[in-house]
Amino acid sequence: MMQAGAGGLPTVVLRAADGSATATVHQHGATLTSWAVSGAEKEEEELLFVSPLAVFAPPKAIRGGAPICFPQFGSLGPLKAQHGFARNMEWAVDEVAGDSCSLVLCSDAATRAEWPHHFKLTMQVSLLPNGALQQSLRVLNTGDSPFEFTTALHTYFRVSDVSKASVVGLKGLSYFDNAAGSLATDDADAVTFTGEVDRAYIGAPSPLKLVDLGRGAVVMVHKEGFQDAVVWNPWEAKAAGMADLGPEHWRGFVCVEVAQARSGAVTLAPGQDWEGRLRLERDTLGES
Ligand SMILES: O=P(O)(O)OC[C@H]1O[C@@H](O)[C@H](O)[C@@H](O)[C@@H]1O
């Protein structure tokens with residue numbers, strides 16, 4: 001169902017066939033902006049974070065939900081704009097069923113002015129039984145020469161307080177520390193947050209587990225196709241410098257991003273495609 005969403009922008013609203021979850025996708029950037037799960041006796045619980053200071057004024061990217069980084073993640077590519085342009089563009093709604101939808105973005109003169117390639121992106125979201133959500137990104141080379149890209153689903157998860165959150169599953173991996181500008185190895189059992197964290201893990205396993213001790217909540221992050229994972233929270237000083245986040249709201253989220261980043265770019269020959277998938281499951285502490 002299409003309806004006006006946050007900021008008055010057009011959105012697609014989905015409802016799971018078993019009534020266990022709803023999701024909202026803004027057409028702007030094909031940004032998933034809500035995933036809300038209802039438990040048997042509980043009220044609906046929002047699992048994604050959208051900044052209260054988010055600016056819903058295209059082409060500005062929405063600060064929160066799950067912006068799509070393409071054709072580059074961060075500065076890993078030829079574009080000047082960090083994270084590429086897909087999150088800034090108006091996507092076309094392709095198909096909407098009750099519990100799933102797909103949106104597409106095809107290259108045009110505006111995208112080719114920034115990146116001289118022909119492509120079609122398809123972003124699909126489906127609500128599965130028991131509140132789970134599946135999201136996929138397919139990249140098709142519609143041109144007659146090869147191109148390479150990096151990408152990520154830049155998901156902002158709502159947490160009670162970042163100091164009570166942790167990400168499990170990354171022990172022993174190498175990561176590029178964007179804050180320090182150097183490579184490091186993670187030897188901790190879990191990533192915890194006591195200051196800025198901006199880590200691009202190389203070759204991350206699946207699933208990863210986001211734990212929120214404050215709510216007794218767990219989100220399992222399953223990925224396919226995306227080789228890497230990024231964990232980010234800007235902490236106070238950096239957040240204060242970001243007008244659409246500000247000094248107040250950075251405690252309320254952790255980004256766990258499935259990515260094709262530091263493992264290397266994907267190369268697609270003409271007519272070839274690549275697909276990355278994410279499946280999110282809400283769990284309760286102690287049950288996972
Ligand atoms: O402000 P932006 O462009 O949305 O980026 C937010 C963050 O995105 C993360 O993925 C990067 O690792 C960070 O370095 C960056 O600050």
# chains A, B, ... in the order shown; residues from 1 in each chain; ligands from 1
>>> residues_near_ligand(ligand="ligand 1", cutoff="9 Å", atoms="only C-alpha atoms and all ligand atoms", output="PyMOL selection string")
chain A and resi 61-64+67+69+73-75+81-84+152+154+177-179+197-200+230-234+238+242+255-257
>>> residues_around(residues="Trp250 (chain A)", least_positions_apart="4", cutoff="8 Å", atoms="only C-alpha atoms", output="list of chain:residue names")
A:Val162, A:Asn233, A:Pro234, A:Trp235, A:Glu236, A:Ala239, A:Leu245, A:Gly246
>>> closest_residue(among="A:His28, A:Arg15, A:Lys60, A:Arg282", to="Asp244 (chain A)", atoms="only C-alpha atoms")
A:Lys60
>>> residues_around(residues="region 204-206 of chain A", least_positions_apart="4", cutoff="7 Å", atoms="only C-alpha atoms", output="list in words")
Leu170, His222, Lys223, Gln227, Asp228 and Ala229 of chain A
>>> residues_around(residues="Gly29 (chain A)", least_positions_apart="6", cutoff="9 Å", atoms="only C-alpha atoms", output="VMD selection string")
chain A and resid 58 to 59 61 to 62 67 to 68 85 to 91 105
>>> atom_distance(atom1="CA of Ile202 (chain A)", atom2="CA of Arg279 (chain A)")
19.6 Å
>>> closest_residue(among="A:His118, A:His26, A:His249, A:Lys80", to="Leu53 (chain A)", atoms="only C-alpha atoms")
A:His249
>>> select_by_dssp(residues="region 33-158 of chain A", states="alpha helix (DSSP H)", output="PyMOL selection string")
chain A and resi 109-114
>>> residues_around(residues="Gln72 (chain A)", least_positions_apart="2", cutoff="6 Å", atoms="only C-alpha atoms", output="list in words")
Phe70, Leu76, Gly77, His83, Gly84, Phe149, Thr150 and Thr151 of chain A
>>> residues_around(residues="Val93 (chain A)", least_positions_apart="4", cutoff="7 Å", atoms="only C-alpha atoms", output="list in words")
Ser102, Leu103 and Val104 of chain A
>>> write_last_selection(atoms="all heavy atoms", output="JSON list (two decimals), in the first residue's frame")
[["chain", "number", "residue", "atom", "x", "y", "z"],
["A", 102, "SER", "N", 9.14, -4.29, -4.43],
["A", 102, "SER", "CA", 10.45, -4.07, -5.04],
["A", 102, "SER", "C", 10.46, -2.68, -5.67],
["A", 102, "SER", "O", 9.44, -2.20, -6.18],
["A", 102, "SER", "CB", 10.77, -5.15, -6.06],
["A", 102, "SER", "OG", 9.81, -5.17, -7.08],
["A", 103, "LEU", "N", 11.61, -2.06, -5.57],
["A", 103, "LEU", "CA", 11.81, -0.73, -6.16],
["A", 103, "LEU", "C", 13.03, -0.83, -7.07],
["A", 103, "LEU", "O", 13.95, -1.62, -6.79],
["A", 103, "LEU", "CB", 12.05, 0.33, -5.08],
["A", 103, "LEU", "CG", 10.81, 0.77, -4.28],
["A", 103, "LEU", "CD1", 10.52, -0.21, -3.15],
["A", 103, "LEU", "CD2", 10.99, 2.16, -3.71],
["A", 104, "VAL", "N", 13.03, -0.03, -8.13],
["A", 104, "VAL", "CA", 14.16, -0.09, -9.06],
["A", 104, "VAL", "C", 14.74, 1.30, -9.31],
["A", 104, "VAL", "O", 14.04, 2.32, -9.21],
["A", 104, "VAL", "CB", 13.77, -0.73, -10.43],
["A", 104, "VAL", "CG1", 13.33, -2.17, -10.25],
["A", 104, "VAL", "CG2", 12.73, 0.08, -11.14]]
>>> closest_residue(among="A:Val37, A:Val50, A:Val191, A:Ala165", to="Leu127 (chain A)", atoms="only C-alpha atoms")
A:Val37
>>> residues_around(residues="Val211 (chain A)", least_positions_apart="3", cutoff="12 Å", atoms="only C-alpha atoms", output="JSON, numbers by chain")
{"A": [47, 157, 158, 159, 160, 161, 162, 163, 164, 165, 166, 167, 168, 169, 190, 191, 192, 193, 208, 214, 215, 216, 217, 218, 219, 220, 221, 253, 254, 256, 282, 283, 284, 285, 286, 287, 288]}
>>> write_last_selection(atoms="N, CA and C atoms", output="compact mmCIF listing (two decimals), in the first residue's frame")
# COMPACT_ATOMS: atom_id res chain seq x y z
N LEU A 47 12.23 -1.55 15.40
CA LEU A 47 13.60 -2.06 15.52
C LEU A 47 14.61 -1.21 14.76
N PHE A 157 20.07 0.42 13.52
CA PHE A 157 19.22 -0.32 14.46
C PHE A 157 18.98 0.53 15.71
N ARG A 158 17.75 0.56 16.14
CA ARG A 158 17.38 1.29 17.36
C ARG A 158 17.88 0.50 18.58
N VAL A 159 18.55 1.16 19.49
CA VAL A 159 18.95 0.52 20.75
C VAL A 159 18.53 1.42 21.91
N SER A 160 18.40 0.80 23.10
CA SER A 160 17.96 1.58 24.25
C SER A 160 19.00 2.64 24.59
N ASP A 161 20.26 2.23 24.53
CA ASP A 161 21.39 3.13 24.77
C ASP A 161 22.62 2.42 24.21
N VAL A 162 23.38 3.13 23.42
CA VAL A 162 24.52 2.49 22.73
C VAL A 162 25.48 1.82 23.73
N SER A 163 25.56 2.37 24.95
CA SER A 163 26.48 1.78 25.94
C SER A 163 25.99 0.42 26.43
N LYS A 164 24.74 0.09 26.14
CA LYS A 164 24.20 -1.23 26.53
C LYS A 164 24.11 -2.19 25.34
N ALA A 165 24.67 -1.77 24.21
CA ALA A 165 24.59 -2.57 22.99
C ALA A 165 25.93 -3.25 22.71
N SER A 166 25.87 -4.38 22.02
CA SER A 166 27.10 -5.03 21.57
C SER A 166 26.81 -5.83 20.31
N VAL A 167 27.86 -6.07 19.54
CA VAL A 167 27.74 -6.84 18.30
C VAL A 167 28.65 -8.05 18.42
N VAL A 168 28.07 -9.23 18.27
CA VAL A 168 28.81 -10.48 18.47
C VAL A 168 28.99 -11.19 17.13
N GLY A 169 30.19 -11.78 16.95
CA GLY A 169 30.42 -12.58 15.74
C GLY A 169 31.63 -12.12 14.95
N ALA A 190 33.05 -9.30 21.84
CA ALA A 190 31.95 -8.53 21.23
C ALA A 190 32.42 -7.10 21.03
N VAL A 191 31.86 -6.43 20.04
CA VAL A 191 32.14 -5.00 19.86
C VAL A 191 31.23 -4.27 20.84
N THR A 192 31.84 -3.47 21.71
CA THR A 192 31.05 -2.63 22.62
C THR A 192 31.39 -1.18 22.32
N PHE A 193 30.63 -0.27 22.93
CA PHE A 193 30.70 1.14 22.52
C PHE A 193 31.01 2.03 23.72
N LEU A 208 25.49 -12.31 12.33
CA LEU A 208 26.00 -11.46 13.40
C LEU A 208 24.84 -11.24 14.35
N GLY A 214 19.69 -3.30 27.34
CA GLY A 214 18.68 -2.39 27.91
C GLY A 214 17.26 -2.90 27.67
N ARG A 215 17.01 -3.47 26.49
CA ARG A 215 15.66 -3.96 26.17
C ARG A 215 15.55 -5.48 26.25
N GLY A 216 16.68 -6.14 26.51
CA GLY A 216 16.66 -7.61 26.49
C GLY A 216 16.36 -8.11 25.09
N ALA A 217 16.82 -7.37 24.10
CA ALA A 217 16.48 -7.69 22.71
C ALA A 217 17.71 -8.09 21.92
N VAL A 218 17.47 -8.94 20.95
CA VAL A 218 18.54 -9.40 20.06
C VAL A 218 18.02 -9.29 18.63
N VAL A 219 18.86 -8.82 17.72
CA VAL A 219 18.54 -8.93 16.30
C VAL A 219 19.63 -9.78 15.66
N MET A 220 19.20 -10.85 14.98
CA MET A 220 20.14 -11.70 14.25
C MET A 220 20.23 -11.14 12.83
N VAL A 221 21.45 -10.93 12.37
CA VAL A 221 21.70 -10.34 11.06
C VAL A 221 22.32 -11.43 10.17
N PHE A 253 21.23 4.49 18.55
CA PHE A 253 21.36 3.55 17.43
C PHE A 253 22.76 2.93 17.36
N VAL A 254 22.80 1.82 16.66
CA VAL A 254 24.05 1.21 16.21
C VAL A 254 23.84 0.83 14.76
N VAL A 256 24.77 -1.61 11.92
CA VAL A 256 25.42 -2.86 11.53
C VAL A 256 25.09 -3.00 10.05
N ARG A 282 14.13 -10.81 14.87
CA ARG A 282 14.06 -10.30 16.25
C ARG A 282 13.99 -11.48 17.20
N ASP A 283 14.83 -11.45 18.22
CA ASP A 283 14.87 -12.53 19.18
C ASP A 283 14.89 -11.92 20.58
N THR A 284 14.78 -12.75 21.58
CA THR A 284 14.82 -12.24 22.95
C THR A 284 16.08 -12.79 23.60
N LEU A 285 16.71 -11.97 24.43
CA LEU A 285 17.94 -12.38 25.09
C LEU A 285 17.72 -13.69 25.84
N GLY A 286 18.65 -14.62 25.66
CA GLY A 286 18.50 -15.91 26.34
C GLY A 286 17.90 -16.96 25.43
N GLU A 287 17.20 -16.52 24.38
CA GLU A 287 16.57 -17.50 23.48
C GLU A 287 17.38 -17.72 22.21
N SER A 288 18.42 -16.90 22.01
CA SER A 288 19.15 -17.04 20.75
C SER A 288 20.51 -17.70 20.99
>>> select_by_dssp(residues="region 137-205 of chain A", states="strand (DSSP E or B)", output="count of residues only")
34
>>> closest_residue(among="A:Glu224, A:Asp212, A:Glu148, A:Asp18", to="Ala259 (chain A)", atoms="only C-alpha atoms")
A:Glu224
>>> closest_residue(among="A:Leu79, A:Leu210, A:Ala240, A:Val266", to="Arg112 (chain A)", atoms="only C-alpha atoms")
A:Leu79
>>> closest_residue(among="A:Ala6, A:Ala66, A:Leu140, A:Met123", to="Leu268 (chain A)", atoms="only C-alpha atoms")
A:Leu140
>>> atom_distance(atom1="CA of Thr31 (chain A)", atom2="CA of Glu46 (chain A)")
15.5 Å
